[in-house]
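A.B. asks: Shown below is the structure under consideration.
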Amino acid sequence: MPLSQIIFFEEQAAGIGKSAKIVIHLHPVPANKEPGPYQYSKYSYIKLSFKEHGQIEFYRRLTEEMTKKRWENTPVSQPIPTGTGSQAGKTRAVGIVGIERKIEEKRKETDKNISEAFEDLSKLMVKAKEMVELSRSIANKIKDKQGDITEDETIRFKAYLLSMGIANPVTRETHGSGTHYHLQLAKQLGDMLQAPLEERGGMMALTEVYCLVNRARGMELLSPEDLVNACKMFESLKLPLRLRVFDSGVMVVQLQSHSEEEMIASALDNVSEKGSLTAEEFAKLLGLSVLLSKERLLLAEKMGHLCRDDSVEGLRFYPNLF
Amino acid sequence: MRRGVGAGAIAKKKLAEAKYKERGNVLAEDQIVQMSKQLETFKTHLEEFASKHKQEIRKNPQFRVQFQEMCATIGVDPLASGKGFWSEMLGVGDFYYELGVQIIEVCLALKHRNGGLITLDELHQRVLKGRGKYAQEVSQDDLVRAIKKLKVMGNGFGMIPVGGSYLVQSVPAELNMDHTVVLQLAEKKGYVTVSEIKDSLKWEKERACHVLDHLLKEGLAWLDSQAAGEAQYWLPALFSELTSRDVTPEEANQMTP
């Protein structure tokens with residue numbers, strides 16, 4: 001298909017389940033078209049789908065070709081940018097061709113930036129890969145006990161892994177737990193979360209903590225893993241907070257002073273007083289989230305103080321009289 | 001105690017080290033020193049890259065995808081820590097972590113209505129709305145990556161493939177294959193009936209009811225027992241904007257299940 005048929009083309013980003021595409025808009029069928037697979041199509045564009053990759057390269061080449069072709073096709077209508085412009089050239093440039101050319105120039109510029117960025121990125125990744133391989137080699141040696149590693153060196157190694165975003169291959173634990181960074185973070189959190197925890201009955205879901213802390217920071221935000229790793233250090237740092245994981249997988253930060261027995265006893269009291277409670281009702285009563293209210297009721301049930309009535313109406317808890 | 005004590009042990013160790021070095025192998029501690037130096041160099045390269053292309057990452061979702069895929073290929077997670085180089089110098093961290101906050105907030109705000117299940121499309125729309133006109137573009141791929149990171153905080157974040165896209169789950173409700181398949185079946189119309197399940201999936205009534213009851217209990221489905229013909233189980237997560245109206249938590253509490 002001759003490139004002169006192309007009016008305009010654009011990229012479509014890849015999405016989930018969709019490959020990246022380049023959409024090519026075509027001129028209407030000229031009268032002197034030779035016979036081919038299709039005489040006529042109701043669409044004025046074709047889509048090229050790039051399943052693996054290559055769309056960036058293709059796009060770049062096509063842009064190059066299109067620009068070159070233009071010069072060949074319409075020498076008269078291409079006024080020299082310095083603006084000598086014949087009469088014919090001027091009128092042409094203002095019309096569709098002029099607009100198209102501007103769009104193309106802009107795209108070429110953007111595309112050039114992207115190509116360059118992509119090239120630079122590739123080079124950077126090669127260097128990053130070297131770091132990964134080096135860290136694997138070190139990890140293997142540590143495993144095989146080839147060489148004597150001090151505590152200090154281990155901590156430094158973990159910090160390096162953290163910087164690069166490489167998973168700790170020795171222990172398979174999440175990145176960098178036990179680094180100074182997480183220690184500092186744990187202490188900060190210990191200070192910062194006291195008041196909010198007390199306001200919320202001594203317990204907050206980890207996602208809630210994540211939002212609270214990051215909104216307060218504004219920038220240099222914590223990653224979810226940073227938060228989890230810092231919270232894991234509460235106990236060893238003897239801070240008055242604990243990270244706790246419920247059976248359901250829900251993770252909370254809890255005030256140490258907030259005893260389990262107290263929580264369960266108060267849950268039992270509330271349920272007995274009302275006769276029965278659902279998680280939603282309990283939440284409203286305490287001013288807590290439904291998620292955490294449910295966990296408390298489940299905990300009291302686990303300890304044998306409550307029993308459940310599970311129906312389509314919902315999950316309702318009663319004092320356990322057995 | 002890692003290092004042996006006593007002159008004999010030290011001498012033995014020195015001998016072992018010497019033999020080891022002789023064979024051309026480098027000791028781990030030497031490599032750690034080497035790594036420290038290489039890290040400094042890498043940091044410089046990254047800074048250079050950032051100074052030229054940081055904007056590209058910020059503005060171009062496609063470039064972000066390339067970046068993420070390349071990192072994954074070589075075994076690097078740029079979003080593991082806010083303290084990582086990638087995050088600090090390219091600003092990728094803040095972009096995704098903030099997105100995480102926005103996702104959590106949207107899911108929380110709608111939970112009373114949809115039980116903690118929302119289509120990726122709706123999530124995308126609402127996040128974009130919340131970010132305002134002048135914020136950077138956010139693609140669905142960006143959302144998916146941010147959600148993957150949120151999983152580690154244990155709130156039950158997950159993605160269920162449905163109808164060519166995904167449902168995003170933000171509560172720790174147990175959803176197995178049976179539930180997922182019914183959700184997929186309901187995707188076309190936003191609701192499903194027991195008969196439809198029996199016909200399409202060839203299940204017995206008990207199995208269908210069991211699954212539907214669970215969805216009701218978890219607040220993921222609403223029962224319309226007054227529907228003409230047969231009771232319909234609606235999934236608020238699948239309501240389109242056209243057929244739904246936002247309900248406040250107070251209103252939701254007043255409605256009978």
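Lettering and numbering for the structure tokens are positional, with chains as A, B, ... in the shown order, residues counted from 1 in each chain, and ligands counted from 1 in the shown order.
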Can you build me a table of chain B residues sitting at most 6 Å from chain A, with the closest atom pair per residue and its distance in Å to one decimal, using only C-alpha atoms, sorted by chain and residue number, as a Markdown table?

C.D. replies:
| residue | atom | partner | partner_atom | distance |
| --- | --- | --- | --- | --- |
| B:Leu27 | CA | A:Gly147 | CA | 5.2 |
| B:Ala28 | CA | A:Ile138 | CA | 5.4 |
| B:Ile74 | CA | A:Lys129 | CA | 5.6 |
| B:Val76 | CA | A:Ile166 | CA | 5.1 |
| B:Asp77 | CA | A:Gly165 | CA | 4.8 |
| B:Pro78 | CA | A:Gly165 | CA | 5.5 |
| B:Ala80 | CA | A:Gly165 | CA | 5.7 |
| B:Ser81 | CA | A:Ser223 | CA | 5.2 |
| B:Gly82 | CA | A:Leu222 | CA | 5.2 |
| B:Gly84 | CA | A:Ser163 | CA | 3.9 |
| B:Phe85 | CA | A:Ser163 | CA | 5.2 |
| B:Asp94 | CA | A:Leu221 | CA | 5.6 |
| B:Tyr97 | CA | A:Ser223 | CA | 5.9 |
| B:Val101 | CA | A:Cys211 | CA | 5.3 |
| B:Gly154 | CA | A:Val250 | CA | 4.8 |
| B:Asn155 | CA | A:Val250 | CA | 5.1 |
| B:Asp213 | CA | A:Val312 | CA | 5.9 |
| B:Lys217 | CA | A:Gly314 | CA | 5.1 |

A.B. asks: What's around region 202-212 of chain B at 10 Å? Count only C-alpha atoms, leave out sequence neighbours fewer than 6 positions away in its own chain, and write the answer as a PyMOL selection string.

C.D. replies: (chain A and resi 312) or (chain B and resi 175-176+178-183+192-196+218+220-223+233)

A.B. asks: Name the residues in contact with region 131-148 of chain B at a cut-off of 8 Å, using only C-alpha atoms, excluding same-chain residues fewer than 4 positions from it; report them as a list in words.

C.D. replies: Gly15 and Ile16 of chain A; Arg58, Lys59, Asn60, Pro61, Val65, Tyr96, Tyr97, Leu99, Gly100, Ile103, Leu120, Asp121, His124, Val127, Val152, Phe157 and Gly158 of chain B

A.B. asks: Would you save the residues of that selection, restricted to N, CA and C atoms, as a PDB file, in the first residue's frame?

C.D. replies:
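Written out: part.pdb:
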ATOM      1  N   GLY A  15      -2.983  -1.514  26.570  1.00  0.00           N
ATOM      2  CA  GLY A  15      -3.763  -1.539  27.811  1.00  0.00           C
ATOM      3  C   GLY A  15      -3.793  -2.978  28.287  1.00  0.00           C
ATOM      4  N   ILE A  16      -4.623  -3.255  29.281  1.00  0.00           N
ATOM      5  CA  ILE A  16      -4.710  -4.634  29.754  1.00  0.00           C
ATOM      6  C   ILE A  16      -5.405  -5.474  28.698  1.00  0.00           C
TER       7      ILE A  16
ATOM      8  N   ARG B  58       7.117  11.217  34.201  1.00  0.00           N
ATOM      9  CA  ARG B  58       5.962  11.866  34.816  1.00  0.00           C
ATOM     10  C   ARG B  58       4.795  11.965  33.854  1.00  0.00           C
ATOM     11  N   LYS B  59       5.075  12.343  32.630  1.00  0.00           N
ATOM     12  CA  LYS B  59       3.994  12.689  31.713  1.00  0.00           C
ATOM     13  C   LYS B  59       3.508  11.531  30.851  1.00  0.00           C
ATOM     14  N   ASN B  60       4.338  10.545  30.662  1.00  0.00           N
ATOM     15  CA  ASN B  60       4.032   9.542  29.644  1.00  0.00           C
ATOM     16  C   ASN B  60       3.760   8.164  30.218  1.00  0.00           C
ATOM     17  N   PRO B  61       2.507   7.767  30.288  1.00  0.00           N
ATOM     18  CA  PRO B  61       2.172   6.468  30.877  1.00  0.00           C
ATOM     19  C   PRO B  61       2.825   5.303  30.131  1.00  0.00           C
ATOM     20  N   VAL B  65       5.298   2.260  31.519  1.00  0.00           N
ATOM     21  CA  VAL B  65       5.140   0.819  31.319  1.00  0.00           C
ATOM     22  C   VAL B  65       6.454   0.197  30.884  1.00  0.00           C
ATOM     23  N   TYR B  96       3.432   6.580  42.450  1.00  0.00           N
ATOM     24  CA  TYR B  96       2.639   5.385  42.715  1.00  0.00           C
ATOM     25  C   TYR B  96       2.122   5.313  44.150  1.00  0.00           C
ATOM     26  N   TYR B  97       2.927   5.810  45.090  1.00  0.00           N
ATOM     27  CA  TYR B  97       2.472   5.718  46.479  1.00  0.00           C
ATOM     28  C   TYR B  97       1.288   6.643  46.719  1.00  0.00           C
ATOM     29  N   LEU B  99      -0.805   7.509  44.414  1.00  0.00           N
ATOM     30  CA  LEU B  99      -1.905   6.834  43.735  1.00  0.00           C
ATOM     31  C   LEU B  99      -2.516   5.787  44.654  1.00  0.00           C
ATOM     32  N   GLY B 100      -1.660   5.094  45.396  1.00  0.00           N
ATOM     33  CA  GLY B 100      -2.124   4.101  46.362  1.00  0.00           C
ATOM     34  C   GLY B 100      -3.070   4.709  47.373  1.00  0.00           C
ATOM     35  N   ILE B 103      -6.375   5.431  45.707  1.00  0.00           N
ATOM     36  CA  ILE B 103      -7.142   4.203  45.471  1.00  0.00           C
ATOM     37  C   ILE B 103      -7.815   3.742  46.753  1.00  0.00           C
ATOM     38  N   LEU B 120     -12.402  -1.754  37.461  1.00  0.00           N
ATOM     39  CA  LEU B 120     -11.195  -0.965  37.251  1.00  0.00           C
ATOM     40  C   LEU B 120     -11.550   0.342  36.531  1.00  0.00           C
ATOM     41  N   ASP B 121     -12.521   0.258  35.624  1.00  0.00           N
ATOM     42  CA  ASP B 121     -12.966   1.463  34.915  1.00  0.00           C
ATOM     43  C   ASP B 121     -13.493   2.518  35.870  1.00  0.00           C
ATOM     44  N   HIS B 124     -10.800   3.947  37.958  1.00  0.00           N
ATOM     45  CA  HIS B 124      -9.998   4.856  37.148  1.00  0.00           C
ATOM     46  C   HIS B 124     -10.676   6.215  37.030  1.00  0.00           C
ATOM     47  N   VAL B 127     -10.686   8.090  40.415  1.00  0.00           N
ATOM     48  CA  VAL B 127      -9.357   8.561  40.801  1.00  0.00           C
ATOM     49  C   VAL B 127      -8.987   9.792  39.976  1.00  0.00           C
ATOM     50  N   VAL B 152       0.481  -5.818  49.992  1.00  0.00           N
ATOM     51  CA  VAL B 152       1.362  -6.198  51.088  1.00  0.00           C
ATOM     52  C   VAL B 152       0.850  -5.705  52.438  1.00  0.00           C
ATOM     53  N   PHE B 157      -6.517  -6.461  49.153  1.00  0.00           N
ATOM     54  CA  PHE B 157      -6.544  -5.908  47.808  1.00  0.00           C
ATOM     55  C   PHE B 157      -6.240  -6.996  46.795  1.00  0.00           C
ATOM     56  N   GLY B 158      -7.070  -7.085  45.786  1.00  0.00           N
ATOM     57  CA  GLY B 158      -6.843  -8.075  44.751  1.00  0.00           C
ATOM     58  C   GLY B 158      -7.571  -7.695  43.487  1.00  0.00           C
TER      59      GLY B 158
END

A.B. asks: Could you go through region 250-303 of chain A and tell me which residues DSSP, when run on the backbone, assigns to alpha helix (DSSP H), listing them as JSON, numbers by chain?

C.D. replies: {"A": [260, 261, 262, 263, 264, 265, 266, 267, 268, 269, 270, 271, 272, 273, 274, 279, 280, 281, 282, 283, 284, 285, 286, 290, 291, 292, 293, 294, 295, 296, 297, 298, 299, 300, 301, 302]}

A.B. asks: How many Å lie between CA of Phe9 (chain A) and CA of Ser115 (chain A), rounded to one decimal?

C.D. replies: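 Atom-to-atom, CA of Phe9 (chain A) to CA of Ser115 (chain A), that is 17.5 Å.
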
A.B. asks: Write down as a VMD selection string the residues belonging to region 186-308 of chain A that are assigned strand (DSSP E) by DSSP computed on the backbone.

C.D. replies: chain A and resid 203 to 205 241 to 245 251 to 255 277 to 278 306 to 308

A.B. asks: Keeping only N, CA and C atoms, write the selected residues to a file as a PDB file, in the first residue's frame.

C.D. replies:
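The result, stored in again-v2.pdb:
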ATOM      1  N   MET A 203      -6.557   1.150  67.866  1.00  0.00           N
ATOM      2  CA  MET A 203      -6.252   0.268  66.740  1.00  0.00           C
ATOM      3  C   MET A 203      -6.555   0.942  65.409  1.00  0.00           C
ATOM      4  N   MET A 204      -5.656   0.777  64.442  1.00  0.00           N
ATOM      5  CA  MET A 204      -5.895   1.304  63.096  1.00  0.00           C
ATOM      6  C   MET A 204      -5.466   0.295  62.057  1.00  0.00           C
ATOM      7  N   ALA A 205      -6.243   0.166  61.003  1.00  0.00           N
ATOM      8  CA  ALA A 205      -5.844  -0.716  59.899  1.00  0.00           C
ATOM      9  C   ALA A 205      -4.589  -0.134  59.251  1.00  0.00           C
ATOM     10  N   LEU A 241       3.946   0.212  70.429  1.00  0.00           N
ATOM     11  CA  LEU A 241       3.003  -0.154  69.369  1.00  0.00           C
ATOM     12  C   LEU A 241       3.299  -1.562  68.886  1.00  0.00           C
ATOM     13  N   ARG A 242       2.314  -2.187  68.284  1.00  0.00           N
ATOM     14  CA  ARG A 242       2.535  -3.502  67.719  1.00  0.00           C
ATOM     15  C   ARG A 242       1.873  -3.630  66.364  1.00  0.00           C
ATOM     16  N   LEU A 243       2.522  -4.371  65.473  1.00  0.00           N
ATOM     17  CA  LEU A 243       1.877  -4.737  64.220  1.00  0.00           C
ATOM     18  C   LEU A 243       1.206  -6.067  64.453  1.00  0.00           C
ATOM     19  N   ARG A 244      -0.032  -6.171  64.064  1.00  0.00           N
ATOM     20  CA  ARG A 244      -0.759  -7.400  64.318  1.00  0.00           C
ATOM     21  C   ARG A 244      -1.508  -7.854  63.077  1.00  0.00           C
ATOM     22  N   VAL A 245      -1.449  -9.143  62.831  1.00  0.00           N
ATOM     23  CA  VAL A 245      -2.129  -9.695  61.653  1.00  0.00           C
ATOM     24  C   VAL A 245      -3.264 -10.594  62.114  1.00  0.00           C
ATOM     25  N   MET A 251      -4.169  -6.396  58.506  1.00  0.00           N
ATOM     26  CA  MET A 251      -3.053  -5.977  59.357  1.00  0.00           C
ATOM     27  C   MET A 251      -3.402  -4.668  60.062  1.00  0.00           C
ATOM     28  N   VAL A 252      -3.116  -4.620  61.347  1.00  0.00           N
ATOM     29  CA  VAL A 252      -3.407  -3.400  62.093  1.00  0.00           C
ATOM     30  C   VAL A 252      -2.199  -2.986  62.911  1.00  0.00           C
ATOM     31  N   VAL A 253      -2.185  -1.693  63.269  1.00  0.00           N
ATOM     32  CA  VAL A 253      -1.233  -1.203  64.255  1.00  0.00           C
ATOM     33  C   VAL A 253      -2.031  -0.982  65.526  1.00  0.00           C
ATOM     34  N   GLN A 254      -1.489  -1.473  66.605  1.00  0.00           N
ATOM     35  CA  GLN A 254      -2.249  -1.497  67.850  1.00  0.00           C
ATOM     36  C   GLN A 254      -1.402  -0.906  68.960  1.00  0.00           C
ATOM     37  N   LEU A 255      -2.039  -0.160  69.857  1.00  0.00           N
ATOM     38  CA  LEU A 255      -1.321   0.351  71.013  1.00  0.00           C
ATOM     39  C   LEU A 255      -1.040  -0.790  71.969  1.00  0.00           C
ATOM     40  N   LEU A 277     -25.383  -7.940  68.108  1.00  0.00           N
ATOM     41  CA  LEU A 277     -24.854  -6.865  67.265  1.00  0.00           C
ATOM     42  C   LEU A 277     -24.267  -7.412  65.968  1.00  0.00           C
ATOM     43  N   THR A 278     -24.425  -6.640  64.906  1.00  0.00           N
ATOM     44  CA  THR A 278     -23.661  -6.935  63.684  1.00  0.00           C
ATOM     45  C   THR A 278     -22.424  -6.048  63.696  1.00  0.00           C
ATOM     46  N   LEU A 306     -18.497 -14.989  72.369  1.00  0.00           N
ATOM     47  CA  LEU A 306     -19.642 -14.681  71.511  1.00  0.00           C
ATOM     48  C   LEU A 306     -19.885 -15.853  70.584  1.00  0.00           C
ATOM     49  N   CYS A 307     -21.141 -15.957  70.126  1.00  0.00           N
ATOM     50  CA  CYS A 307     -21.365 -16.912  69.053  1.00  0.00           C
ATOM     51  C   CYS A 307     -22.133 -16.214  67.948  1.00  0.00           C
ATOM     52  N   ARG A 308     -22.114 -16.822  66.768  1.00  0.00           N
ATOM     53  CA  ARG A 308     -22.615 -16.109  65.608  1.00  0.00           C
ATOM     54  C   ARG A 308     -23.928 -16.682  65.103  1.00  0.00           C
TER      55      ARG A 308
END

A.B. asks: Hey, can you check how far CA of Asp247 (chain A) sits from CA of Lys294 (chain A)?

C.D. replies: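 Atom-to-atom, CA of Asp247 (chain A) and CA of Lys294 (chain A) are spaced 11.9 Å apart.
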
A.B. asks: Work out how far CA of Arg296 (chain A) is from CA of Leu117 (chain B), in Å to one decimal.

C.D. replies: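 Taking CA of Leu117 (chain B) as the start and CA of Arg296 (chain A) as the end point, the length is 22.9 Å.
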
A.B. asks: Tell me, as an MDAnalysis selection string, which residues lie within 12 Å of Asp269 (chain A), counting only C-alpha atoms; anything in the same chain fewer than 5 positions away does not count.

C.D. replies: chainID A and resid 262:264 274:277 282 297 300 305:306 318:320

A.B. asks: Which one of A:Phe8, A:Glu65, A:Leu286, A:Ser49 sits closest to Arg101 (chain A) if you count only C-alpha atoms?

C.D. replies: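 For Arg101 (chain A), the nearest of the given residues is A:Phe8.
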